[in-house]
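Okay, structure first, notes after.
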Amino acid sequence: MIDNTDVLGVISNEWSITANGPAEVLSYAQIPFCACESTSPRFANKNNYPYFWRTVPSVGIGEHIYQLLQYWNVHRVAILVQKDDDLSYFNGLDITSSMHKHSIRILTVFNLYTAFNNDLVGDAKIALDLVDAKYVIICGQSLFVSQTIYHLGKKGFVGPDKVWISYTTPQLYGDPISMFGSDYYLFIQGIIFLVPLPPDTNNPVFVDTYEKVQELSSTQMSTSDFTIFFILQAAYDCTMMMLLGFDHLLKSNSNFTPEMLASRQLQQYMNFTLFQDLGYKGATWPNMKLTNGGDLALPFQFQYFTGDYFNTTAFGQTTIDADYFAMYTNAAVVFHGGGTVPPPDGVPLPVTLQYGSYGATTGILCFLIVMGLVIIVVLGVFLVIFRRGKVAKSMSIFECATILLGSLLCFINMALYLIPPSKGVCLGRVWTLALGYGLSVSALVCKNIYVARVFWKKVPKANLLIWTMRGSIAFLVTIEVIILGVWTRSYKPFFVQIESDGFTYTSCGKLSSTTAVSGYNIFLTFLILPTLYLIQRVTMSQFNESITLISFFVLVAILWGISSISSGSSVFDDFKFCILVWIGNVWLLACVIGSRAFEQLIDARQSVKKAKTSSMATSAVGTSSEIQSTVSGIAASASATGGGQPVLTKKDAQKREGILHSNMGRAGKAKADTSIAVVNPLHKKRAHQVVPYRFTKVGELTPTKVAQASPWLLARIELHDLGDGRTTWLSLNFLTFTKNVLLIRGSTSVTVNQQLVVVSTQQWVTKETKIGPKPSVSQHIHYCIKFELQDESKADTLAKNLRQVLETILDQKPICRT
């Protein structure tokens with residue numbers, strides 16, 4: 001045919017196993033090949049058979065069978081396959097694929113061979129009984145179907161609860177009674193037989209074709225033999241579509257001529273797409289269209305064998321797209337034994353449970369996820385709005401934001417349980433939970449180690465300490481990501497079906513390969529213990545999170561124990577796990593950020609109350625009720641001093657060290673902390689002189705620090721005045737040490753910038769020297785003390801009070817800058 005240039009196309013009625021070789025060779029030679037009986041799905045592969053097409057359906061027969069099973073509410077089937085037959089083997093693959101696609105449980109797939117083997121049939125009977133198969137799909141040629149059903153029936157696999165489904169008829173080329181026995185028709189009763197929808201016998205094209213064949217063949221062929229046994233209408237349509245395709249090709253391009261067609265110059269345009277949609281009304285179907293696999297798209301009709309010879313009765317059909325099955329009007333199926341109700345496919349199956357489609361679990365999980373997201377948003381807004389407040393600053397904003405991100409990933413992990421498991425979903429569940437937990441715990445641990453380090457005696461530079469902490473978080477999280485990445489490369493999905501409580505649930509299975517990921521997160525959890533030891537150095541309660549660390553560690557242990565006890569035994573285990581994840585995350589957010597947000601709310605209310613009474617508090621500063629002596633021996637009588645103030649004797653005054661800490665330098669250039677001796681007005685030479693002394697408490701105990709890298713410590717602002725018009729100093733009195741600055745009358749300034757308060761004073765001092773041409777040198781001496789309060793409103797109030805007190809002491813209003 002290839003060498004004969006007169007051959008432009010080939011029409012064949014060969015079976016699939018015979019057509020296999022010619023179809024491939026003719027496609028290579030670019031010769032169109034139409035088959036009317038080759039129904040193997042193998043020919044739908046257009047990479048191997050681009051010029052092959054057919055006027056019969058093939059691929060997708062499993063989809064039509066599924067529609068019937070769905071209509072009968074059947075969810076379990078067994079499949080028997082004639083393995084050494086090409087058509088049967090590929091049809092078996094097609095049907096198996098469709099059953100898996102629609103979640104029909106395949107109880108067993110048993111392969112048999114064309115040559116009858118009684119022992120092998122016995123093994124098939126045992127296999128079917130073991131799985132309690134009620135519906136069996138058989139894939140094979142007519143003889144194979146006949147002998148398999150008959151011999152299995154003789155071995156006991158027959159009855160009203162057994163239903164056979166076949167796409168080939170058990171009709172034989174011979175007398176079945178002489179081949180098998182007189183009971184043959186009894187065993188084929190109730191077999192469900194599906195066939196491409198037979199042609200409409202009233203179709204004018206079909207009628208004309210049928211009559212011409214009868215006339216030319218001089219036979220009295222029945223329409224059943226014509227359409228089902230010999231499929232002659234398909235052969236006729238093959239011929240017509242081939243010729244119409246050639247005609248369409250010539251008309252598609254004015255440059256194409258019949259001579260070019262006859263000399264094979266147009267073969268490259270003749271693959272199956274040329275014949276795919278010609279608008280041809282055929283004998284088989286009014287609208288002959290080919291699928292993308294080169295098959296004819298047709299509905300399928302379902303029939304059952306009555307047991308009276310090979311007679312069948314049609315009871316319904318599917319649509320051309322295999323998306324629906326409809327029973328014929330007044331039709332009914334008569335199964336083996338005479339029953340008309342489809343038998344159950346076995347013991348009742350549990351209802352398939354998906355958290356995303358089951359009312360109770362869907363509602364609860366969605367509610368918890370939304371609540372978790374709301375909590376994250378509220379706490380995030382709190383951190384943004386109050387980021388400059390004392391409460392938010394003491395929390396470490398960056399680390400709290402990291403904990404929020406970790407919690408967000410955990411809530412996303414919960415959302416993934418609303419989706420049916422797949423490889424991607426299972427990977428997402430592991431990644432979001434492991435990474436979310438790692439972020440939260442790493443930030444919690446590193447933040448508390450940082451706070452503990454701040455309270456050590458030797459505190460490094462603030463920026464270095466902060467970046468060291470954040471680098472540690474990044475390091476711990478990076479290790480987590482690396483472990484997850486290595487695990488992902490070797491991950492192979494393994495789904496497990498769990499049945500309990502009347503449901504069946506598919507889970508991702510025991511992810512035993514995540515041992516390294518779980519182990520690393522356990523390591524992060526145990527880092528809480530040494531952190532708990534270190535945090536004991538922190539003496540200020542607002543910075544000590546010991547209770548949070550202890551409660552979170554204990555809670556994680558309890559939740560892990562609960563999760564481990566019931567794991568893998570119930571369809572609701574994953575649901576319970578989501579609840580535990582939510583509890584752990586909300587508890588951590590409540591302890592680390594929520595409690596401080598509540599504290600900020602309380603502090604804001606107190607600030608409003610203080611603002612209302614600030615004028616009263618200011619007027620009371622410096623009165624006799626606030627004046628108190630720091631040493632004993634202050635005279636009880638105001639008349640002894642003549643000034644109405646308590647007095648300080650030499651003995652008592654010597655109890656004060658007389659050493660004032662200050663920042664000294666030229667013209668405002670600050671030096672490191674140094675010490676200078678201040679002339680004690682109660683010197684030995686003036687031992688019996690009594691000097692008035694006034695002590696004023698300007699501020700209450702409040703978290704304060706004197707340098708950026710310093711820790712927050714409780715301190716009180718005090719003003720000391722000897723009352724002799726010469727010596728006044730300001731003290732920043734901490735629990736373990738004191739910072740002081742001398743105040744020069746007439747040249748003192750008080751500056752406040754948000755939480756930072758600066759008190760400075762300066763004067764010119766002339767010093768005698770024997771070096772150089774000038775006998776003396778004048779220096780500009782600058783005394784300054786800077787301190788920062790956690791609360792901006794307290795800093796502003798303190799500055800105002802300090803200015804008023806200084807105004808009364810220094811007899812001049814101090815310079816104020818804001």
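Residue numbering restarts at 1 for every chain of the structure tokens, chains are lettered A, B, ... in their displayed order, and ligands are numbered from 1 as they appear.
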Contacts of stretch 11-25 of chain A at 7 Å (only C-alpha atoms; same-chain gap of 3+ positions) as number ranges by chain:
A: 28-29, 33-40, 48-49, 52, 86-87, 238-239
Could you pull the residues within 12 Å of A:Ile228, counting only C-alpha atoms, minus those fewer than 4 positions along the same chain, as a short mmCIF file (atom, residue, chain, number, x, y, z; two decimals) with N, CA and C atoms, in the first residue's frame?
```cif
data_model
loop_
_atom_site.label_atom_id
_atom_site.label_comp_id
_atom_site.auth_asym_id
_atom_site.auth_seq_id
_atom_site.Cartn_x
_atom_site.Cartn_y
_atom_site.Cartn_z
N CYS A 36 -13.17 0.59 11.68
CA CYS A 36 -14.56 0.54 12.17
C CYS A 36 -14.77 -0.54 13.22
N GLU A 37 -13.71 -1.30 13.55
CA GLU A 37 -13.85 -2.31 14.60
C GLU A 37 -12.65 -2.33 15.55
N VAL A 56 -15.95 4.47 15.70
CA VAL A 56 -16.49 3.81 16.88
C VAL A 56 -15.87 4.47 18.11
N TYR A 167 -18.61 -4.88 28.50
CA TYR A 167 -18.79 -4.08 27.28
C TYR A 167 -18.81 -4.97 26.03
N THR A 168 -18.65 -6.28 26.19
CA THR A 168 -18.77 -7.23 25.06
C THR A 168 -19.86 -8.25 25.39
N THR A 169 -20.53 -8.70 24.38
CA THR A 169 -21.62 -9.65 24.56
C THR A 169 -21.08 -11.06 24.76
N GLN A 171 -22.28 -13.54 23.53
CA GLN A 171 -22.78 -14.30 22.38
C GLN A 171 -21.62 -14.98 21.66
N PHE A 193 -24.88 -5.21 30.06
CA PHE A 193 -24.10 -5.10 28.83
C PHE A 193 -24.21 -3.65 28.33
N LEU A 194 -23.08 -2.97 28.15
CA LEU A 194 -23.12 -1.63 27.60
C LEU A 194 -22.53 -1.62 26.20
N VAL A 195 -23.14 -0.85 25.34
CA VAL A 195 -22.77 -0.82 23.93
C VAL A 195 -22.94 0.61 23.46
N PRO A 196 -22.10 1.07 22.52
CA PRO A 196 -22.36 2.41 21.95
C PRO A 196 -23.80 2.50 21.47
N LEU A 197 -24.41 3.62 21.72
CA LEU A 197 -25.82 3.77 21.40
C LEU A 197 -26.09 3.32 19.96
N PRO A 198 -26.94 2.29 19.77
CA PRO A 198 -27.21 1.79 18.41
C PRO A 198 -27.80 2.90 17.53
N PRO A 199 -27.59 2.79 16.24
CA PRO A 199 -28.12 3.80 15.32
C PRO A 199 -29.64 3.85 15.37
N MET A 221 -30.33 -10.13 6.89
CA MET A 221 -29.61 -9.79 8.15
C MET A 221 -30.51 -8.94 9.04
N SER A 222 -30.56 -9.29 10.33
CA SER A 222 -31.34 -8.50 11.28
C SER A 222 -30.62 -7.18 11.57
N THR A 223 -31.37 -6.21 12.02
CA THR A 223 -30.74 -4.92 12.37
C THR A 223 -29.77 -5.08 13.54
N SER A 224 -30.03 -6.03 14.43
CA SER A 224 -29.13 -6.27 15.55
C SER A 224 -27.77 -6.78 15.06
N LEU A 232 -21.70 -2.70 10.52
CA LEU A 232 -21.55 -2.28 9.12
C LEU A 232 -21.81 -0.80 8.93
N GLN A 233 -22.64 -0.20 9.80
CA GLN A 233 -22.89 1.22 9.65
C GLN A 233 -21.61 2.03 9.88
N ALA A 234 -20.70 1.51 10.74
CA ALA A 234 -19.44 2.19 11.00
C ALA A 234 -18.52 2.12 9.79
N THR A 284 -24.37 6.08 11.59
CA THR A 284 -24.16 5.76 13.01
C THR A 284 -24.77 6.81 13.91
N GLN A 301 -25.47 2.87 25.58
CA GLN A 301 -26.74 2.30 26.03
C GLN A 301 -26.45 1.09 26.91
#
```
Give me, as a ChimeraX atom specification, the residues of stretch 366-584 of chain A that a backbone DSSP run labels strand (DSSP E or B).
/A:496-500,503-507
Those same residues - C-alpha atoms - I'd like them written as a PDB file, in the first residue's frame.
```pdb
ATOM      1  CA  VAL A 496      -4.036   6.373  55.245  1.00  0.00           C
ATOM      2  CA  GLN A 497      -7.768   5.740  55.415  1.00  0.00           C
ATOM      3  CA  ILE A 498      -9.178   5.655  58.932  1.00  0.00           C
ATOM      4  CA  GLU A 499     -12.640   4.292  59.712  1.00  0.00           C
ATOM      5  CA  SER A 500     -14.415   5.108  62.958  1.00  0.00           C
ATOM      6  CA  PHE A 503     -17.022   7.809  58.910  1.00  0.00           C
ATOM      7  CA  THR A 504     -14.019   7.131  56.732  1.00  0.00           C
ATOM      8  CA  TYR A 505     -11.280   9.750  56.631  1.00  0.00           C
ATOM      9  CA  THR A 506      -8.131  10.030  54.538  1.00  0.00           C
ATOM     10  CA  SER A 507      -5.124  11.447  56.348  1.00  0.00           C
TER      11      SER A 507
END
```
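Nearest to A:Pro160 of all the residues A:Gln189, A:Ser551, A:Ser490, A:Gln317 is A:Gln189, based on only C-alpha atoms.
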Applying 7 Å and only C-alpha atoms, which residues near A:Leu743 remain after dropping the ones on its own chain fewer than 2 positions away? List them as a ChimeraX atom specification.
/A:728-729,741,745,748,761
What would the file look like if the residues just selected were written as a PDB file, in the first residue's frame with N, CA, C and O atoms?
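What follows is the written file result-v3.pdb:
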```pdb
ATOM      1  N   THR A 728      23.712  73.471  95.127  1.00  0.00           N
ATOM      2  CA  THR A 728      22.453  72.782  94.803  1.00  0.00           C
ATOM      3  C   THR A 728      22.794  71.670  93.822  1.00  0.00           C
ATOM      4  O   THR A 728      23.581  71.877  92.900  1.00  0.00           O
ATOM      5  N   TRP A 729      22.237  70.510  94.018  1.00  0.00           N
ATOM      6  CA  TRP A 729      22.495  69.415  93.074  1.00  0.00           C
ATOM      7  C   TRP A 729      21.250  68.537  92.882  1.00  0.00           C
ATOM      8  O   TRP A 729      20.382  68.472  93.739  1.00  0.00           O
ATOM      9  N   VAL A 741      24.319  65.799  89.555  1.00  0.00           N
ATOM     10  CA  VAL A 741      24.864  66.910  88.782  1.00  0.00           C
ATOM     11  C   VAL A 741      24.702  68.200  89.599  1.00  0.00           C
ATOM     12  O   VAL A 741      23.676  68.438  90.226  1.00  0.00           O
ATOM     13  N   ARG A 745      23.381  78.469  89.668  1.00  0.00           N
ATOM     14  CA  ARG A 745      22.255  79.395  89.667  1.00  0.00           C
ATOM     15  C   ARG A 745      22.340  80.323  88.458  1.00  0.00           C
ATOM     16  O   ARG A 745      23.389  80.894  88.173  1.00  0.00           O
ATOM     17  N   THR A 748      20.974  77.222  84.348  1.00  0.00           N
ATOM     18  CA  THR A 748      20.493  75.835  84.281  1.00  0.00           C
ATOM     19  C   THR A 748      19.375  75.716  83.243  1.00  0.00           C
ATOM     20  O   THR A 748      18.525  76.595  83.140  1.00  0.00           O
ATOM     21  N   THR A 761      23.972  72.482  83.245  1.00  0.00           N
ATOM     22  CA  THR A 761      24.367  73.785  83.809  1.00  0.00           C
ATOM     23  C   THR A 761      25.816  74.044  83.432  1.00  0.00           C
ATOM     24  O   THR A 761      26.595  73.097  83.225  1.00  0.00           O
TER      25      THR A 761
END
```
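Put simply, atom CA of A:Gly307 is 25.8 Å away from atom CA of A:Ala115.
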